[in-house]
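Some notes on the structure that comes next.
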Amino acid sequence: MKLSIIERVKCIINQLDTTPRSFANNIGFNNYLTGRRTTIDSELITKIASSFEDISSEWLLRGEGDMFKPQHELSTKPQPTPISTEAGTPEASVLYQIYNDTIKRMKELMEENTNLKNQVTELSEGSEEIAKLLREIRNDNKKLDQENRELRIEVMIKDAQLSEKEKAVSDYKELLKEAI
């Protein structure tokens, strides 16, 4: 008789000698398996297959084959080798070079940061001067606008006075023509 998928997951838990809660935490499903589940979704299957590469996906999904993959199918991931920090070793020399490069880069970035701060300060001061000049120009423009209005009024008054004088002259000419 074939095991159900839930029974196959329970077999994995037993084989790993762990609890359902611990197993769920290990694959990123906190408390996911602790209840009385009757179904399992594809996300859980994917998590199990990703977390335990030695478990056969075919067995997990269909119950066919062996629970564990044969040794030749297991992917071989390169294992990181610890770097020796003993003086005189190539690893220490590389670490030292990386450290020096990092310190040098940090100093360059700090200097660049200082230069940028100075530029911002200069630009701020420059923008304050420009703002002050703009305020002065606006004030001058307001004064000129007011003066312009006053001159227009004066021109209108002079125009009106000129029109009155022209009328008076015209009237006087008419009187003179009649008198002659």
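Letters for chains follow the order of the structure tokens (A, B, ...), residue numbers begin at 1 for each chain, and ligand numbers begin at 1 in the order shown.
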
Within 12 Å of A:Glu64, counting only C-alpha atoms, which residues qualify if same-chain residues fewer than 5 places away don't, as a compact mmCIF listing (two decimals) with C-alpha atoms, in the first residue's frame?
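Saved as result-v4.txt:
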# COMPACT_ATOMS: atom_id res chain seq x y z
CA MET A 1 0.00 0.00 0.00
CA LYS A 2 1.24 3.45 -0.97
CA LEU A 3 1.65 6.07 1.75
CA SER A 4 -0.31 9.33 1.52
CA ILE A 5 1.70 12.51 1.12
CA ARG A 8 5.44 10.53 3.67
CA SER A 56 13.76 12.43 -3.40
CA SER A 57 11.15 14.79 -4.86
CA GLU A 58 9.65 11.86 -6.78
CA TRP A 59 9.15 9.93 -3.56
CA LYS A 69 18.28 10.19 -3.50
